[in-house]
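Source file: entry-v2.txt; contents: compact mmCIF, C-alpha atoms.
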# COMPACT_ATOMS: atom_id res chain seq x y z
CA MET A 1 92.88 44.00 205.72
CA VAL A 2 91.33 40.68 204.66
CA ASN A 3 87.85 40.03 205.99
CA PRO A 4 87.40 36.66 207.73
CA PRO A 5 85.32 34.09 205.84
CA ARG A 6 81.60 34.33 206.47
CA ARG A 7 80.13 31.57 208.62
CA PRO A 8 77.71 29.39 206.60
CA THR A 9 74.07 29.98 207.47
CA LEU A 10 70.92 27.90 207.51
CA ALA A 11 69.95 29.59 204.25
CA ASP A 12 73.24 28.55 202.62
CA VAL A 13 72.60 24.93 203.57
CA ALA A 14 69.03 25.12 202.26
CA ALA A 15 70.23 26.55 198.93
CA ARG A 16 72.90 23.85 198.53
CA ALA A 17 70.44 21.06 199.44
CA GLY A 18 67.63 22.49 197.27
CA THR A 19 65.15 22.71 200.12
CA SER A 20 63.74 25.22 202.62
CA THR A 21 65.36 26.61 205.74
CA ALA A 22 62.52 25.06 207.75
CA VAL A 23 63.46 21.59 206.52
CA VAL A 24 67.13 22.24 207.31
CA SER A 25 66.09 23.32 210.80
CA TYR A 26 64.13 20.06 211.25
CA VAL A 27 67.26 18.09 210.36
CA VAL A 28 69.62 20.13 212.52
CA ASN A 29 67.30 20.08 215.55
CA ASP A 30 66.00 16.56 214.92
CA GLY A 31 62.43 17.80 214.72
CA PRO A 32 59.79 18.84 215.44
CA ARG A 33 58.71 17.42 212.05
CA ALA A 34 60.01 14.33 210.29
CA VAL A 35 62.12 14.68 207.15
CA ALA A 36 62.15 12.18 204.30
CA PRO A 37 65.34 10.06 204.27
CA ALA A 38 66.47 11.30 200.83
CA THR A 39 65.97 14.94 201.81
CA ARG A 40 67.76 14.41 205.14
CA GLU A 41 70.68 12.89 203.25
CA ARG A 42 70.91 15.93 200.94
CA VAL A 43 70.80 18.32 203.90
CA GLU A 44 73.44 16.41 205.85
CA ARG A 45 75.69 16.32 202.77
CA ALA A 46 75.28 20.10 202.31
CA ILE A 47 76.11 20.66 206.01
CA ALA A 48 79.31 18.63 205.63
CA GLU A 49 80.33 20.37 202.38
CA LEU A 50 79.76 23.86 203.75
CA GLY A 51 81.14 23.20 207.22
CA TYR A 52 77.91 24.50 208.77
CA ARG A 53 77.79 24.60 212.59
CA ARG A 54 74.53 24.91 214.42
CA ASN A 55 74.20 28.09 216.50
CA ALA A 56 73.57 26.32 219.78
CA LEU A 57 72.89 29.52 221.71
CA ALA A 58 70.28 30.79 219.27
CA GLY A 59 68.59 27.43 219.13
CA ALA A 60 68.54 27.09 222.88
CA LEU A 61 67.21 30.61 223.36
CA SER A 62 64.31 29.80 221.08
CA SER A 63 63.63 26.55 222.92
CA GLY A 64 63.84 28.18 226.37
CA ARG A 65 67.10 26.84 227.86
CA THR A 66 70.80 26.75 227.06
CA ASP A 67 73.45 24.25 228.09
CA LEU A 68 75.19 26.99 230.04
CA VAL A 69 75.74 27.24 233.76
CA GLY A 70 76.76 30.52 235.38
CA LEU A 71 79.24 30.77 238.24
CA LEU A 72 79.71 33.94 240.28
CA VAL A 73 82.65 34.21 242.70
CA PRO A 74 84.09 37.23 244.50
CA ASP A 75 87.60 36.92 243.04
CA SER A 76 88.90 34.07 240.88
CA SER A 77 92.49 35.25 241.42
CA ASN A 78 92.06 34.09 245.03
CA ALA A 79 93.37 30.51 245.04
CA PHE A 80 90.31 29.08 246.80
CA PHE A 81 87.85 30.57 244.32
CA GLY A 82 90.13 29.64 241.42
CA GLU A 83 90.13 26.00 242.55
CA LEU A 84 86.38 26.16 243.13
CA ALA A 85 85.90 27.46 239.57
CA ARG A 86 88.04 24.64 238.12
CA HIS A 87 85.94 22.06 239.96
CA VAL A 88 82.75 23.70 238.67
CA GLU A 89 84.05 23.73 235.10
CA GLY A 90 85.05 20.07 235.30
CA GLU A 91 81.73 18.98 236.78
CA ALA A 92 79.84 21.06 234.20
CA ARG A 93 81.67 19.33 231.35
CA ARG A 94 80.86 15.93 232.82
CA ARG A 95 77.22 16.98 232.70
CA ALA A 96 77.49 18.36 229.12
CA LEU A 97 77.31 21.97 230.29
CA LEU A 98 79.50 24.99 229.56
CA THR A 99 80.55 27.32 232.39
CA LEU A 100 80.29 31.11 232.31
CA LEU A 101 82.40 32.77 235.02
CA GLY A 102 81.79 36.18 236.57
CA ASN A 103 83.94 37.95 239.20
CA THR A 104 81.83 40.13 241.50
CA ALA A 105 84.84 41.84 243.15
CA TYR A 106 83.09 41.66 246.54
CA ASP A 107 80.51 44.15 245.25
CA THR A 108 76.78 43.50 245.71
CA SER A 109 75.71 45.63 242.74
CA THR A 110 78.11 43.75 240.46
CA GLU A 111 76.67 40.48 241.75
CA ARG A 112 73.12 41.64 240.92
CA ASP A 113 74.22 42.84 237.46
CA TYR A 114 75.83 39.49 236.66
CA LEU A 115 72.76 37.60 237.89
CA ALA A 116 70.56 39.62 235.55
CA ALA A 117 72.96 39.27 232.61
CA PHE A 118 73.41 35.53 233.07
CA SER A 119 69.67 35.07 233.51
CA ASP A 120 69.07 36.75 230.13
CA LEU A 121 71.09 33.93 228.52
CA ARG A 122 68.58 31.40 229.89
CA PRO A 123 71.17 29.10 231.45
CA SER A 124 70.44 25.72 232.99
CA GLY A 125 71.19 27.42 236.28
CA ILE A 126 73.48 29.76 238.19
CA LEU A 127 75.83 28.94 241.07
CA VAL A 128 76.57 31.92 243.29
CA THR A 129 79.16 32.42 245.99
CA SER A 130 77.27 35.42 247.28
CA ILE A 131 78.61 38.43 249.13
CA ALA A 132 75.16 40.06 249.37
CA PRO A 133 73.76 40.55 252.89
CA ALA A 134 70.22 39.85 251.66
CA PRO A 135 68.72 38.12 248.62
CA GLY A 136 68.17 40.27 245.54
CA PRO A 137 65.73 39.88 242.64
CA ALA A 138 65.42 36.22 241.67
CA PRO A 139 66.85 35.29 238.25
CA ASP A 140 64.63 33.61 235.66
CA CYS A 141 66.39 30.26 236.12
CA PRO A 142 67.35 27.85 238.92
CA LEU A 143 69.84 29.31 241.41
CA VAL A 144 71.97 27.54 244.00
CA TYR A 145 74.16 29.31 246.52
CA LEU A 146 77.58 27.71 246.75
CA HIS A 147 79.87 28.22 249.78
CA SER A 148 78.16 31.48 250.81
CA ALA A 149 74.50 32.56 250.87
CA PRO A 150 72.71 35.77 251.90
CA ARG A 151 70.87 35.74 255.19
CA GLY A 152 67.29 34.64 254.69
CA ALA A 153 67.89 33.19 251.22
CA GLU A 154 65.20 30.68 250.23
CA ASP A 155 67.00 29.15 247.25
CA SER A 156 68.95 25.91 247.60
CA ALA A 157 72.40 26.21 249.12
CA VAL A 158 75.44 23.96 249.52
CA LEU A 159 77.66 25.28 252.29
CA LEU A 160 80.47 24.26 254.61
CA ASP A 161 80.13 23.74 258.35
CA ASP A 162 82.41 26.73 258.84
CA GLU A 163 81.74 27.14 262.54
CA GLU A 164 82.55 23.56 263.50
CA GLY A 165 85.59 23.49 261.23
CA ALA A 166 86.94 26.61 262.90
CA ALA A 167 86.18 25.28 266.37
CA SER A 168 88.06 22.07 265.56
CA ALA A 169 91.06 24.04 264.28
CA THR A 170 91.09 26.21 267.41
CA ARG A 171 90.80 23.20 269.71
CA HIS A 172 93.80 21.69 267.96
CA LEU A 173 95.92 24.75 268.73
CA LEU A 174 94.69 24.79 272.33
CA ALA A 175 95.66 21.12 272.64
CA HIS A 176 99.24 22.11 271.77
CA GLY A 177 99.24 24.08 275.03
CA PHE A 178 99.02 27.65 273.77
CA ALA A 179 97.63 29.97 276.41
CA GLU A 180 96.16 32.28 273.77
CA VAL A 181 94.96 31.54 270.26
CA HIS A 182 94.59 34.68 268.16
CA CYS A 183 92.26 34.83 265.16
CA VAL A 184 93.02 36.52 261.84
CA THR A 185 89.98 37.15 259.66
CA GLY A 186 88.54 39.45 257.00
CA PRO A 187 87.19 42.98 257.27
CA ASP A 188 83.77 41.95 258.64
CA ASP A 189 81.78 38.99 259.96
CA PHE A 190 79.64 38.34 256.89
CA GLY A 191 79.37 34.84 255.47
CA PRO A 192 81.84 31.99 255.96
CA ALA A 193 84.48 34.17 257.64
CA GLY A 194 81.95 35.29 260.25
CA ARG A 195 80.92 31.72 260.98
CA ARG A 196 84.56 30.76 261.34
CA VAL A 197 85.11 33.57 263.84
CA ALA A 198 82.08 32.26 265.74
CA GLY A 199 83.65 28.78 265.83
CA TRP A 200 86.92 30.21 267.16
CA ARG A 201 85.04 32.06 269.90
CA ARG A 202 83.03 28.96 270.79
CA ALA A 203 86.15 26.80 271.16
CA LEU A 204 87.73 29.42 273.41
CA ARG A 205 84.60 29.61 275.58
CA GLU A 206 84.51 25.82 275.88
CA ALA A 207 88.11 25.92 277.11
CA GLY A 208 87.35 28.72 279.58
CA ARG A 209 89.39 31.22 277.56
CA SER A 210 88.58 34.71 276.37
CA GLY A 211 89.07 36.06 272.88
CA GLU A 212 89.16 39.66 274.06
CA GLY A 213 91.81 41.58 272.14
CA LEU A 214 92.83 38.53 270.10
CA LEU A 215 90.87 39.20 266.89
CA HIS A 216 92.72 40.80 263.97
CA ARG A 217 90.99 42.02 260.79
CA VAL A 218 92.99 42.11 257.55
CA SER A 219 92.26 42.03 253.83
CA PHE A 220 91.39 38.78 252.06
CA VAL A 221 93.95 39.72 249.38
CA ARG A 222 97.20 37.98 250.25
CA PHE A 223 99.70 40.80 249.70
CA GLU A 224 97.44 43.28 251.49
CA ALA A 225 97.01 40.84 254.37
CA ALA A 226 100.78 40.44 254.57
CA ALA A 227 101.27 44.17 255.10
CA ALA A 228 98.84 44.20 258.03
CA LEU A 229 100.24 40.97 259.48
CA HIS A 230 103.75 42.37 259.43
CA ALA A 231 102.72 45.00 261.97
CA ILE A 232 100.96 42.37 264.09
CA LEU A 233 103.81 39.84 264.10
CA ALA A 234 106.62 42.40 264.49
CA GLY A 235 105.05 43.95 267.58
CA PRO A 236 106.38 43.51 271.12
CA GLU A 237 103.39 41.33 272.11
CA ARG A 238 103.18 39.25 268.99
CA PRO A 239 100.88 36.20 268.96
CA ARG A 240 102.31 32.73 269.44
CA ALA A 241 99.39 30.91 267.83
CA LEU A 242 97.08 31.99 264.99
CA PHE A 243 93.86 30.52 263.71
CA VAL A 244 93.36 32.16 260.31
CA THR A 245 89.98 32.03 258.60
CA THR A 246 91.34 31.52 255.04
CA ASP A 247 94.44 29.82 253.67
CA GLU A 248 95.23 32.90 251.59
CA GLN A 249 95.64 34.93 254.78
CA ALA A 250 97.38 32.05 256.55
CA LEU A 251 99.97 31.81 253.77
CA ALA A 252 100.49 35.55 254.12
CA ALA A 253 101.24 34.96 257.81
CA VAL A 254 103.71 32.20 256.91
CA ARG A 255 105.47 34.54 254.47
CA VAL A 256 105.69 37.36 257.01
CA ALA A 257 107.00 34.99 259.67
CA GLY A 258 109.81 34.02 257.33
CA GLU A 259 110.63 37.66 256.60
CA LEU A 260 110.82 38.37 260.34
CA GLY A 261 113.00 35.35 261.05
CA LEU A 262 110.29 33.55 263.04
CA ARG A 263 110.47 29.75 263.00
CA LEU A 264 107.32 27.72 262.36
CA PRO A 265 105.95 26.33 264.62
CA THR A 266 108.56 27.07 267.32
CA ASP A 267 108.03 30.83 267.32
CA LEU A 268 104.63 30.93 265.64
CA ALA A 269 101.97 28.28 265.08
CA VAL A 270 99.48 28.79 262.25
CA VAL A 271 96.30 26.92 261.28
CA GLY A 272 94.31 27.96 258.22
CA PHE A 273 91.00 27.14 256.61
CA ASP A 274 90.05 25.99 253.06
CA GLY A 275 92.63 23.37 252.07
CA ILE A 276 93.88 24.99 248.86
CA GLN A 277 96.56 23.04 247.00
CA GLU A 278 99.34 25.50 247.80
CA ALA A 279 98.61 25.14 251.50
CA LEU A 280 98.52 21.34 251.38
CA ASN A 281 101.46 20.80 249.01
CA GLY A 282 103.66 23.89 249.26
CA SER A 283 107.22 24.10 250.53
CA VAL A 284 105.73 24.54 254.01
CA ARG A 285 102.65 22.37 254.46
CA LEU A 286 99.98 24.29 256.32
CA THR A 287 97.73 22.71 258.93
CA THR A 288 94.26 23.63 257.68
CA ALA A 289 90.57 22.81 257.85
CA ALA A 290 90.19 21.47 254.30
CA ALA A 291 86.94 21.79 252.35
CA PRO A 292 85.72 18.82 250.27
CA LEU A 293 85.56 20.88 247.05
CA ALA A 294 84.69 18.03 244.69
CA THR A 295 81.77 16.96 246.90
CA LEU A 296 80.70 20.58 247.44
CA VAL A 297 80.51 21.23 243.69
CA SER A 298 78.87 17.92 242.80
CA ALA A 299 76.20 18.56 245.43
CA ALA A 300 75.59 22.04 243.98
CA PHE A 301 74.99 20.60 240.50
CA ASP A 302 72.65 17.98 241.99
CA ALA A 303 70.76 20.84 243.64
CA LEU A 304 70.48 22.64 240.29
CA ALA A 305 69.12 19.49 238.66
CA ALA A 306 66.61 19.09 241.49
CA ALA A 307 65.51 22.71 241.10
CA ARG A 308 64.98 22.22 237.35
CA ALA A 309 62.87 19.18 238.16
CA GLY A 310 60.67 21.28 240.43
CA SER A 311 61.92 20.05 243.81
CA ALA A 312 61.62 22.28 246.85
CA PRO A 313 64.77 24.24 247.81
CA ALA A 314 67.10 22.43 250.20
CA ARG A 315 70.20 23.30 252.17
CA ARG A 316 73.15 20.94 252.51
CA VAL A 317 76.05 21.54 254.89
CA LEU A 318 79.34 19.63 254.49
CA ARG A 319 81.99 19.08 257.13
CA THR A 320 85.64 20.01 256.71
CA THR A 321 88.64 17.81 257.58
CA LEU A 322 91.55 19.07 259.67
CA VAL A 323 94.65 18.20 257.65
CA LEU A 324 97.81 18.27 259.74
CA GLY A 325 100.84 20.04 258.30
CA GLU A 326 104.05 21.49 259.64
CA THR A 327 102.83 24.83 260.99
CA CYS A 328 101.24 24.01 264.35
CA GLY A 329 103.68 21.74 266.22
CA PRO A 330 104.55 18.03 266.53
CA HIS A 331 101.72 15.49 266.44
Could you render the structure as structure tokens?
Amino acid sequence: MVNPPRRPTLADVAARAGTSTAVVSYVVNDGPRAVAPATRERVERAIAELGYRRNALAGALSSGRTDLVGLLVPDSSNAFFGELARHVEGEARRRALLTLLGNTAYDTSTERDYLAAFSDLRPSGILVTSIAPAPGPAPDCPLVYLHSAPRGAEDSAVLLDDEEGAASATRHLLAHGFAEVHCVTGPDDFGPAGRRVAGWRRALREAGRSGEGLLHRVSFVRFEAAAALHAILAGPERPRALFVTTDEQALAAVRVAGELGLRLPTDLAVVGFDGIQEALNGSVRLTTAAAPLATLVSAAFDALAAARAGSAPARRVLRTTLVLGETCGPH
């Protein structure tokens, strides 16, 4: 087996240029001391000849900050979090930052472990879509909660107006004349899903309707949700209208409806939440409360910059837009 070529070091450059490693460091880092023009020229020529690349991480660790930004999401295989991560990566690059991604798998201990590990790398900041019920130990860097924050969190947060978005989606189904609007949501009422359930309940109360017996809890994972929804939609008293708290689950409902021979929206009306690309541009366009992801992410990076500048934590809440598709009836 052939060993890979050794990466040139600061010492190699110093030997080639006939100077000290300290002087090479001053050239590479543009300081803190000045270097004579002739010496700088020799060092730069040696760097080019050897193909030396500065170890940005080591240099940043010694100076106290890296050009890294951490992102923690529950599951990047979920289309919403995958699209969120792509927006974060793109915005980070525009701001000359590199993104580190961690999947917490909906586990609070994993979230805490990632926060500690990312903090050790001294990033410019960490964005967290948290699944923790309460804030944990604060990392040694700016932190902004993105899309979901623990109750009582004092760090900056950029969130969606989940409750109003859900209420608007439910009102839209009620306006189509459905006597009952069922709700499909996740296993519990934590975070955005819980606020969306609250919005569904509020819209029903405003219309003088009851949600008793109309709430269905299924997995956030699409194929697992589909298995549970099959039992719900194949039953003798199947729903006629569904407000679904994520597009992943809503698309599972659309798939199951097709398997059961149900026509959308004649036999079943479905409205989702998130506005993922598959929902908006798929073979069946889903009516959904769409999140302004680009604005959400840009605002989160602005909050990180403000935190680095010493500003007090702030919370920003963005509204969703109900995008009309083909799954809820004629408009």
Pick the closest to Phe243 in chain A from A:Pro265, A:Gly272, A:Gly152, A:Gly258: which is it, counting only C-alpha atoms?
A:Gly272
When you draw a straight line from CA of Glu111 in chain A to CA of Arg95 in chain A, how long is it in Å?
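Going from CA of Glu111 in chain A over to CA of Arg95 in chain A, I get 25.2 Å.
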Work out how far CA of Ile276 in chain A is from CA of Leu127 in chain A, in Å to one decimal.
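CA of Ile276 in chain A lies 20.1 Å from CA of Leu127 in chain A.
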May I ask for the distance between CA of Leu322 in chain A and CA of Ser168 in chain A, given in Å to one decimal place?
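It comes out at 7.5 Å.
Residues with any atom within 8 Å of the point (75.7, 26.0, 250.4), counting all atoms listed in the file, are Val144, Tyr145, Leu146, His147, Ser148, Ala149, Ser156, Ala157, Val158, Leu159, Leu160, Leu296, Ala300, Arg315, Arg316 and Val317 of chain A.
Around the point (98.4, 30.1, 273.7), within 10 Å and counting only C-alpha atoms, we find these residues: Leu173, Leu174, Ala175, His176, Gly177, Phe178, Ala179, Glu180, Val181, His182, Arg209, Pro239, Arg240, Ala241, Leu242 and Ala269 of chain A.
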Quick one: write out the picked residues with C-alpha atoms as an mmCIF file, in the frame of the given file?
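So part10.cif came out as:
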data_model
loop_
_atom_site.group_PDB
_atom_site.id
_atom_site.type_symbol
_atom_site.label_atom_id
_atom_site.label_comp_id
_atom_site.auth_asym_id
_atom_site.auth_seq_id
_atom_site.Cartn_x
_atom_site.Cartn_y
_atom_site.Cartn_z
ATOM 1 C CA LEU A 173 95.920 24.750 268.730
ATOM 2 C CA LEU A 174 94.690 24.790 272.330
ATOM 3 C CA ALA A 175 95.660 21.120 272.640
ATOM 4 C CA HIS A 176 99.240 22.110 271.770
ATOM 5 C CA GLY A 177 99.240 24.080 275.030
ATOM 6 C CA PHE A 178 99.020 27.650 273.770
ATOM 7 C CA ALA A 179 97.630 29.970 276.410
ATOM 8 C CA GLU A 180 96.160 32.280 273.770
ATOM 9 C CA VAL A 181 94.960 31.540 270.260
ATOM 10 C CA HIS A 182 94.590 34.680 268.160
ATOM 11 C CA ARG A 209 89.390 31.220 277.560
ATOM 12 C CA PRO A 239 100.880 36.200 268.960
ATOM 13 C CA ARG A 240 102.310 32.730 269.440
ATOM 14 C CA ALA A 241 99.390 30.910 267.830
ATOM 15 C CA LEU A 242 97.080 31.990 264.990
ATOM 16 C CA ALA A 269 101.970 28.280 265.080
#
Residues within 8 Å of Leu233 in chain A, please, as JSON, numbers by chain. Count all atoms listed in the file; anything in the same chain fewer than 4 positions from it doesn't count.
{"A": [229, 238, 239, 256, 257]}
Nearest residue to Ala167 in chain A from the set A:Arg319, A:Tyr26, A:Pro74, A:Ala227 (distances using all atoms listed in the file)
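Selected residue with least distance to Ala167 in chain A: A:Arg319.
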Missing atoms in range 231-252 of chain A need filling: write out N, CA and C atoms for it as a compact mmCIF listing (two decimals), keeping the file's coordinate frame.
# COMPACT_ATOMS: atom_id res chain seq x y z
N ALA A 231 102.81 44.16 260.77
CA ALA A 231 102.72 45.00 261.97
C ALA A 231 102.32 44.17 263.19
N ILE A 232 101.43 43.20 262.98
CA ILE A 232 100.96 42.37 264.09
C ILE A 232 102.08 41.47 264.61
N LEU A 233 102.81 40.83 263.69
CA LEU A 233 103.81 39.84 264.10
C LEU A 233 105.15 40.46 264.47
N ALA A 234 105.36 41.73 264.12
CA ALA A 234 106.62 42.40 264.49
C ALA A 234 106.49 43.16 265.80
N GLY A 235 105.28 43.20 266.36
CA GLY A 235 105.05 43.95 267.58
C GLY A 235 105.65 43.30 268.80
N PRO A 236 105.75 44.04 269.89
CA PRO A 236 106.38 43.51 271.12
C PRO A 236 105.56 42.40 271.77
N GLU A 237 104.24 42.38 271.53
CA GLU A 237 103.39 41.33 272.11
C GLU A 237 102.79 40.48 271.00
N ARG A 238 103.66 40.00 270.14
CA ARG A 238 103.18 39.25 268.99
C ARG A 238 102.52 37.94 269.43
N PRO A 239 101.54 37.48 268.65
CA PRO A 239 100.88 36.20 268.96
C PRO A 239 101.86 35.04 268.85
N ARG A 240 101.57 33.99 269.58
CA ARG A 240 102.31 32.73 269.44
C ARG A 240 101.53 31.71 268.63
N ALA A 241 100.21 31.87 268.58
CA ALA A 241 99.39 30.91 267.83
C ALA A 241 98.29 31.66 267.10
N LEU A 242 98.10 31.34 265.81
CA LEU A 242 97.08 31.99 264.99
C LEU A 242 96.14 30.97 264.38
N PHE A 243 94.84 31.18 264.56
CA PHE A 243 93.86 30.52 263.71
C PHE A 243 93.46 31.57 262.67
N VAL A 244 93.59 31.21 261.40
CA VAL A 244 93.36 32.16 260.31
C VAL A 244 92.21 31.64 259.46
N THR A 245 91.24 32.51 259.18
CA THR A 245 89.98 32.03 258.60
C THR A 245 90.03 31.71 257.11
N THR A 246 91.15 32.01 256.41
CA THR A 246 91.34 31.52 255.04
C THR A 246 92.81 31.15 254.85
N ASP A 247 93.06 30.21 253.96
CA ASP A 247 94.44 29.82 253.67
C ASP A 247 95.21 30.95 253.01
N GLU A 248 94.53 31.77 252.20
CA GLU A 248 95.23 32.90 251.59
C GLU A 248 95.87 33.78 252.66
N GLN A 249 95.11 34.10 253.70
CA GLN A 249 95.64 34.93 254.78
C GLN A 249 96.67 34.17 255.61
N ALA A 250 96.43 32.86 255.78
CA ALA A 250 97.38 32.05 256.55
C ALA A 250 98.73 31.97 255.84
N LEU A 251 98.72 31.84 254.52
CA LEU A 251 99.97 31.81 253.77
C LEU A 251 100.67 33.16 253.83
N ALA A 252 99.89 34.23 253.91
CA ALA A 252 100.49 35.55 254.12
C ALA A 252 101.21 35.60 255.46
